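Below is data.cif, holding mmCIF, C-alpha atoms and all ligand atoms.
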data_target
#
loop_
_atom_site.label_atom_id
_atom_site.label_comp_id
_atom_site.auth_asym_id
_atom_site.auth_seq_id
_atom_site.Cartn_x
_atom_site.Cartn_y
_atom_site.Cartn_z
CA MET A 799 85.02 1.01 222.92
CA ILE A 800 87.86 0.55 220.51
CA LYS A 801 90.23 -2.43 220.51
CA LEU A 802 93.66 -1.98 218.97
CA PRO A 803 95.95 -4.94 218.21
CA LEU A 804 99.38 -5.23 219.76
CA LYS A 805 101.33 -3.85 216.81
CA ASN A 806 102.32 -0.45 215.39
CA ILE A 807 103.20 0.71 218.88
CA PHE A 808 105.67 3.50 219.64
CA ILE A 809 107.15 3.26 223.15
CA LEU A 810 109.00 6.25 224.57
CA THR A 811 110.91 5.79 227.81
CA GLY A 812 112.58 8.30 230.11
CA ALA A 813 114.63 8.25 233.27
CA GLY A 814 111.68 6.93 235.33
CA ILE A 815 111.99 3.43 233.81
CA SER A 816 115.50 3.11 235.25
CA ALA A 817 114.74 4.69 238.64
CA GLU A 818 113.89 1.33 240.21
CA SER A 819 117.28 0.04 239.03
CA GLY A 820 118.93 2.72 241.16
CA ILE A 821 119.73 5.20 238.38
CA ALA A 822 118.90 8.77 239.36
CA THR A 823 116.30 10.66 237.33
CA PHE A 824 117.04 14.22 236.24
CA ARG A 825 114.20 16.16 237.82
CA GLY A 826 112.21 15.80 241.03
CA THR A 827 113.38 14.27 244.32
CA GLY A 828 116.93 12.91 244.08
CA GLY A 829 117.19 14.19 240.49
CA LEU A 830 120.65 14.83 239.01
CA TRP A 831 119.78 18.42 238.11
CA ASN A 832 119.21 19.24 241.78
CA ASN A 833 122.90 18.62 242.46
CA TYR A 834 124.50 19.72 239.20
CA ARG A 835 123.94 22.69 236.94
CA ILE A 836 123.10 21.64 233.38
CA GLU A 837 125.40 24.35 232.02
CA ASP A 838 128.35 22.88 234.01
CA VAL A 839 128.09 19.26 232.88
CA ALA A 840 125.71 18.86 229.94
CA THR A 841 126.60 21.39 227.26
CA PRO A 842 129.29 21.48 224.54
CA ALA A 843 130.55 24.76 226.08
CA ALA A 844 131.10 23.05 229.45
CA PHE A 845 133.08 20.27 227.73
CA ASN A 846 135.27 22.78 225.87
CA LYS A 847 135.89 24.71 229.09
CA ASN A 848 136.69 21.79 231.40
CA PRO A 849 136.69 18.30 229.83
CA SER A 850 138.21 16.75 232.97
CA LEU A 851 135.26 17.84 235.08
CA ILE A 852 132.84 16.49 232.47
CA TRP A 853 134.61 13.13 232.39
CA GLU A 854 134.64 12.92 236.20
CA PHE A 855 130.85 13.38 236.16
CA TYR A 856 130.35 10.85 233.35
CA PHE A 857 132.74 8.19 234.70
CA GLU A 858 130.81 8.27 237.97
CA ARG A 859 127.56 7.69 236.08
CA ILE A 860 129.12 5.02 233.83
CA ASP A 861 130.34 3.07 236.88
CA LYS A 862 126.91 3.26 238.48
CA ILE A 863 125.15 2.09 235.30
CA ARG A 864 127.61 -0.76 234.73
CA LYS A 865 126.73 -2.16 238.15
CA SER A 866 122.97 -1.82 237.72
CA LYS A 867 120.46 -4.38 236.54
CA PRO A 868 117.21 -4.07 234.58
CA ASN A 869 114.03 -4.06 236.65
CA ASP A 870 110.60 -5.63 236.08
CA GLY A 871 109.58 -2.62 233.97
CA HIS A 872 112.42 -3.21 231.50
CA TYR A 873 111.52 -6.92 231.29
CA ALA A 874 107.83 -6.15 230.75
CA ILE A 875 108.73 -3.92 227.78
CA LYS A 876 110.94 -6.69 226.40
CA LYS A 877 107.98 -9.12 226.61
CA LEU A 878 105.66 -6.71 224.77
CA ILE A 879 108.22 -5.87 222.10
CA SER A 880 108.86 -9.55 221.41
CA LEU A 881 105.28 -9.83 220.07
CA SER A 882 105.84 -7.86 216.89
CA LYS A 883 108.59 -6.26 214.87
CA ASN A 884 106.25 -3.28 214.56
CA ILE A 885 106.62 -2.35 218.22
CA HIS A 886 109.45 0.17 218.55
CA LEU A 887 111.34 1.41 221.57
CA ILE A 888 112.68 4.94 221.58
CA THR A 889 114.48 5.98 224.73
CA GLN A 890 115.77 9.28 226.05
CA ASN A 891 117.97 7.27 228.40
CA VAL A 892 121.68 6.90 227.81
CA ASP A 893 121.94 3.80 230.01
CA ASP A 894 121.95 0.27 228.56
CA LEU A 895 119.31 -1.31 230.77
CA HIS A 896 116.87 -1.96 227.92
CA GLU A 897 119.66 -3.86 226.14
CA LYS A 898 120.56 -5.70 229.35
CA ALA A 899 116.90 -6.80 229.49
CA GLY A 900 117.41 -8.36 226.06
CA ILE A 901 115.98 -5.75 223.68
CA LYS A 902 117.78 -5.18 220.41
CA ASN A 903 117.43 -2.15 218.13
CA VAL A 904 116.72 0.33 220.93
CA ILE A 905 116.69 3.85 219.47
CA HIS A 906 118.78 5.98 221.83
CA MET A 907 117.76 9.49 220.80
CA HIS A 908 119.98 11.13 223.44
CA GLY A 909 122.98 8.91 222.82
CA ASP A 910 124.64 6.11 224.69
CA ILE A 911 126.81 6.66 227.77
CA MET A 912 128.67 3.37 227.18
CA THR A 913 130.45 4.85 224.18
CA ALA A 914 132.63 7.89 223.57
CA PHE A 915 133.70 9.51 220.34
CA CYS A 916 136.34 11.83 218.97
CA PRO A 917 134.88 15.25 218.12
CA LYS A 918 137.56 15.67 215.44
CA CYS A 919 137.75 12.38 213.49
CA LYS A 920 134.43 10.90 214.84
CA LYS A 921 136.05 7.56 215.78
CA LYS A 922 133.85 5.75 218.30
CA TYR A 923 135.10 3.91 221.38
CA SER A 924 133.52 1.63 223.96
CA VAL A 925 134.01 3.24 227.39
CA THR A 926 135.56 -0.04 228.53
CA ARG A 927 138.45 0.69 226.17
CA ILE A 928 139.23 4.32 227.03
CA LYS A 929 141.78 5.61 229.51
CA ARG A 930 140.87 7.51 232.67
CA PRO A 931 140.88 10.24 233.82
CA LEU A 932 140.98 12.02 230.44
CA PRO A 933 140.45 9.74 227.41
CA MET A 934 142.24 10.62 224.18
CA CYS A 935 141.67 9.55 220.58
CA LYS A 936 144.27 7.00 219.46
CA GLN A 937 143.91 8.21 215.90
CA CYS A 938 144.28 11.98 216.22
CA ASP A 939 145.16 12.67 219.86
CA SER A 940 142.09 14.82 220.55
CA ILE A 941 140.16 14.59 223.82
CA LEU A 942 137.26 12.17 223.44
CA ARG A 943 133.76 13.17 224.51
CA PRO A 944 130.90 11.09 225.90
CA ASN A 945 128.52 9.92 223.17
CA VAL A 946 125.53 11.70 224.67
CA VAL A 947 123.38 14.51 223.33
CA TRP A 948 123.88 17.66 225.37
CA PHE A 949 121.63 20.67 225.74
CA GLY A 950 121.79 22.75 222.60
CA GLU A 951 122.52 19.68 220.45
CA LYS A 952 120.16 17.87 218.11
CA PRO A 953 118.89 14.43 219.19
CA ILE A 954 119.91 11.47 217.05
CA TYR A 955 117.71 9.39 214.67
CA LEU A 956 114.99 12.06 214.45
CA GLU A 957 114.08 11.25 210.85
CA LYS A 958 113.56 7.60 211.72
CA ILE A 959 111.61 8.54 214.86
CA TYR A 960 109.21 10.86 213.01
CA ASN A 961 108.71 8.18 210.41
CA LEU A 962 107.80 5.64 213.10
CA LEU A 963 105.43 8.15 214.71
CA THR A 964 103.48 8.43 211.47
CA LYS A 965 103.00 4.65 211.42
CA SER A 966 101.94 4.24 215.05
CA SER A 967 98.42 3.54 216.23
CA VAL A 968 99.38 3.47 219.91
CA PHE A 969 101.85 5.78 221.63
CA ILE A 970 103.11 4.73 225.09
CA SER A 971 105.10 7.06 227.32
CA ILE A 972 106.87 5.63 230.37
CA GLY A 973 108.68 7.55 233.11
CA THR A 974 109.35 10.88 231.47
CA SER A 975 108.53 14.34 232.83
CA GLY A 976 107.89 15.82 229.38
CA ASN A 977 110.27 18.71 229.95
CA VAL A 978 112.68 18.15 227.09
CA TYR A 979 111.88 18.71 223.41
CA PRO A 980 111.43 17.27 220.88
CA ALA A 981 110.51 14.09 222.85
CA ALA A 982 107.97 16.11 224.85
CA GLU A 983 105.87 16.68 221.75
CA PHE A 984 105.99 13.18 220.22
CA HIS A 985 102.65 12.26 221.81
CA LEU A 986 101.02 15.33 220.23
CA ILE A 987 102.31 14.34 216.81
CA ALA A 988 101.12 10.76 217.25
CA LYS A 989 97.74 11.98 218.48
CA SER A 990 97.31 14.42 215.61
CA LEU A 991 97.85 11.46 213.26
CA GLY A 992 95.16 9.41 214.96
CA ALA A 993 97.12 7.34 217.52
CA ARG A 994 95.76 6.56 220.99
CA THR A 995 98.04 7.50 223.87
CA VAL A 996 98.98 5.71 227.08
CA PHE A 997 101.03 7.34 229.86
CA ILE A 998 102.66 5.59 232.80
CA ASN A 999 104.39 7.84 235.32
CA LEU A 1000 105.09 8.12 239.03
CA GLU A 1001 103.59 11.59 239.16
CA ASP A 1002 100.88 13.35 237.22
CA THR A 1003 102.64 15.50 234.64
CA GLY A 1004 99.37 17.10 233.59
CA ILE A 1005 99.61 15.64 230.09
CA GLN A 1006 96.27 14.61 228.57
CA SER A 1007 96.18 11.00 227.40
CA ASP A 1008 93.64 8.32 226.55
CA LEU A 1009 94.90 6.02 229.31
CA PHE A 1010 96.94 7.11 232.31
CA PHE A 1011 98.50 4.95 235.03
CA LEU A 1012 100.00 6.61 238.07
CA GLY A 1013 102.74 4.69 239.91
CA LYS A 1014 106.00 2.83 239.49
CA ALA A 1015 106.74 1.41 236.07
CA GLY A 1016 108.24 -1.74 237.60
CA ILE A 1017 104.90 -2.52 239.21
CA ILE A 1018 102.44 -1.22 236.61
CA LEU A 1019 104.04 -2.48 233.38
CA PRO A 1020 104.18 -6.24 234.12
CA GLN A 1021 100.49 -6.29 235.13
CA LEU A 1022 99.30 -3.98 232.36
CA PHE A 1023 101.24 -5.61 229.54
CA ASP A 1024 100.33 -9.14 230.70
CA LYS A 1025 96.66 -8.10 230.60
CA TRP A 1026 97.05 -6.72 227.07
CA ILE A 1027 98.99 -9.80 225.95
CA SER A 1028 96.41 -12.24 227.31
CA LYS A 1029 93.58 -10.33 225.58
CA GLY A 1030 95.58 -9.69 222.40
CA TYR A 1031 94.52 -6.05 222.20
CA ILE A 1032 94.46 -2.71 224.05
CA GLU A 1033 91.07 -1.33 224.88
CA PHE A 1034 90.29 2.40 224.73
CA ASN A 1035 87.03 4.12 225.62
CA LYS A 1036 86.89 5.97 222.31
N1 LIG A 1101 108.15 4.68 237.43
C1 LIG A 1101 107.59 5.57 236.57
N2 LIG A 1101 107.93 6.88 236.53
C2 LIG A 1101 108.88 7.30 237.39
C3 LIG A 1101 109.51 6.43 238.31
C4 LIG A 1101 109.11 5.08 238.32
N3 LIG A 1101 109.64 4.17 239.16
N4 LIG A 1101 110.41 7.16 239.03
C5 LIG A 1101 110.35 8.41 238.57
N5 LIG A 1101 109.43 8.52 237.58
C6 LIG A 1101 109.05 9.69 236.79
C7 LIG A 1101 109.18 11.00 237.50
O1 LIG A 1101 107.99 11.27 238.24
C8 LIG A 1101 109.41 11.98 236.36
O2 LIG A 1101 108.18 12.51 235.88
O3 LIG A 1101 109.93 9.76 235.71
C9 LIG A 1101 110.05 11.11 235.26
C10 LIG A 1101 111.52 11.40 235.02
O4 LIG A 1101 111.64 12.71 234.52
P1 LIG A 1101 113.07 13.38 234.24
O5 LIG A 1101 113.96 13.20 235.41
O6 LIG A 1101 112.82 14.75 233.76
O7 LIG A 1101 113.66 12.45 233.08
P2 LIG A 1101 113.37 12.50 231.52
O8 LIG A 1101 111.97 12.93 231.25
O9 LIG A 1101 113.82 11.20 230.97
O10 LIG A 1101 114.36 13.64 231.06
C11 LIG A 1101 114.47 13.93 229.70
O11 LIG A 1101 116.21 15.44 230.21
O12 LIG A 1101 118.20 16.23 231.14
C12 LIG A 1101 117.63 15.57 230.10
O13 LIG A 1101 118.86 14.34 228.59
C13 LIG A 1101 118.18 14.20 229.82
O14 LIG A 1101 117.09 12.41 228.60
C14 LIG A 1101 116.94 13.34 229.65
C15 LIG A 1101 115.87 14.36 229.38
#

Hey, can you dump this file as structure tokens for me?
Amino acid sequence: MIKLPLKNIFILTGAGISAESGIATFRGTGGLWNNYRIEDVATPAAFNKNPSLIWEFYFERIDKIRKSKPNDGHYAIKKLISLSKNIHLITQNVDDLHEKAGIKNVIHMHGDIMTAFCPKCKKKYSVTRIKRPLPMCKQCDSILRPNVVWFGEKPIYLEKIYNLLTKSSVFISIGTSGNVYPAAEFHLIAKSLGARTVFINLEDTGIQSDLFFLGKAGIILPQLFDKWISKGYIEFNK
């Protein structure tokens, strides 16, 4: 048995954490990529070809996210994170539900759907302050784009993320299918540096981990994290 204290923890979340808040995941039943082709709505080429179509897709998602509320899974993460400034949250999600649950300093490696930016002058805008249907930059009159990382683009904050991985003794993955790199290999990096791994997911993704919990994050996380918090440590078999 090994007992690790509740610090130096790297938490990675994916679309599954927001599923119980009514936000569609990307893959699997009801997943966005069953109804849309990635190459039509999530690549720079698609944006250059038809920005209006891209904005129609994103405004629909923005409206849905604005109306949604964090679930018990988001609040459980907030409770765990509040224990130490050495517990970090890295999300692949572009929604703001972690922030709505009260977490500050969320690292959004795939961007943030609540902002847009000008590809030319890089000026950033809150989506509450841009004009529909096709938002334009007030500074240089270019068409704005959603502040999200598309396929073929490099995720944001990677240097910081790799640095945090090197300092982590526990890696926790929540609600991600492990299909998209580099996030899909973070657990391998953490493991190779000696971290223990914990996976929580609705379905078995086949990924090897030290602890694995199958089910809904909104149900598993509050119980699991409360148990850890009351003990003051996480227990691993080896
Ligand atoms: N609790 C826990 N896990 C869940 C829940 C839930 N309530 N609901 C669904 N899941 C799981 C699914 O079983 C699936 O394995 O969450 C995972 C979601 O996987 P994806 O839809 O592939 O989402 P994600 O892994 O975040 O995708 C990564 O792909 O298209 C890109 O940029 C997009 O950031 C996204 C990236």

Exercise for review: Let me have all residues with an atom within 6 Å of ligand LIG 1101 (chain A), counting only C-alpha atoms and all ligand atoms, laid out as number ranges by chain.
Suggested key: A: 812-815, 817-818, 823-825, 890-891, 973-976, 978, 999-1001, 1013-1015

Check your understanding: Got a sec: who's within 10 Å of Tyr873 (chain A), counting all atoms listed in the file, leaving out chain neighbours fewer than 6 positions off, as a ChimeraX atom specification?
Key -> /A:879,895-896,898-901,1016,1019-1020

Revision key, fill the gap. Counting only C-alpha atoms, closest pick from A:Thr811, A:Asn945, A:Asn806, A:Asn833 relative to Val904 (chain A) is A:Thr811

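The gap separating CA of Lys865 (chain A) from CA of Leu881 (chain A) is 29.1 Å, in Å to one decimal.
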
Practice item. Have a look at A:Arg859, A:Lys922, A:His872, A:Lys801 and name the one nearest to Lys1036 (chain A); count all atoms listed in the file. Key: A:Lys801

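Counting only C-alpha atoms and comparing A:Ala840, A:Ile860, A:Ile852, A:Val892, the residue that lies closest to Glu951 (chain A) is A:Ala840.
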
Exercise for review: Measure the distance from CA of Leu1022 (chain A) to CA of Lys876 (chain A) in Å and round it to one decimal.
Suggested key: 13.4 Å
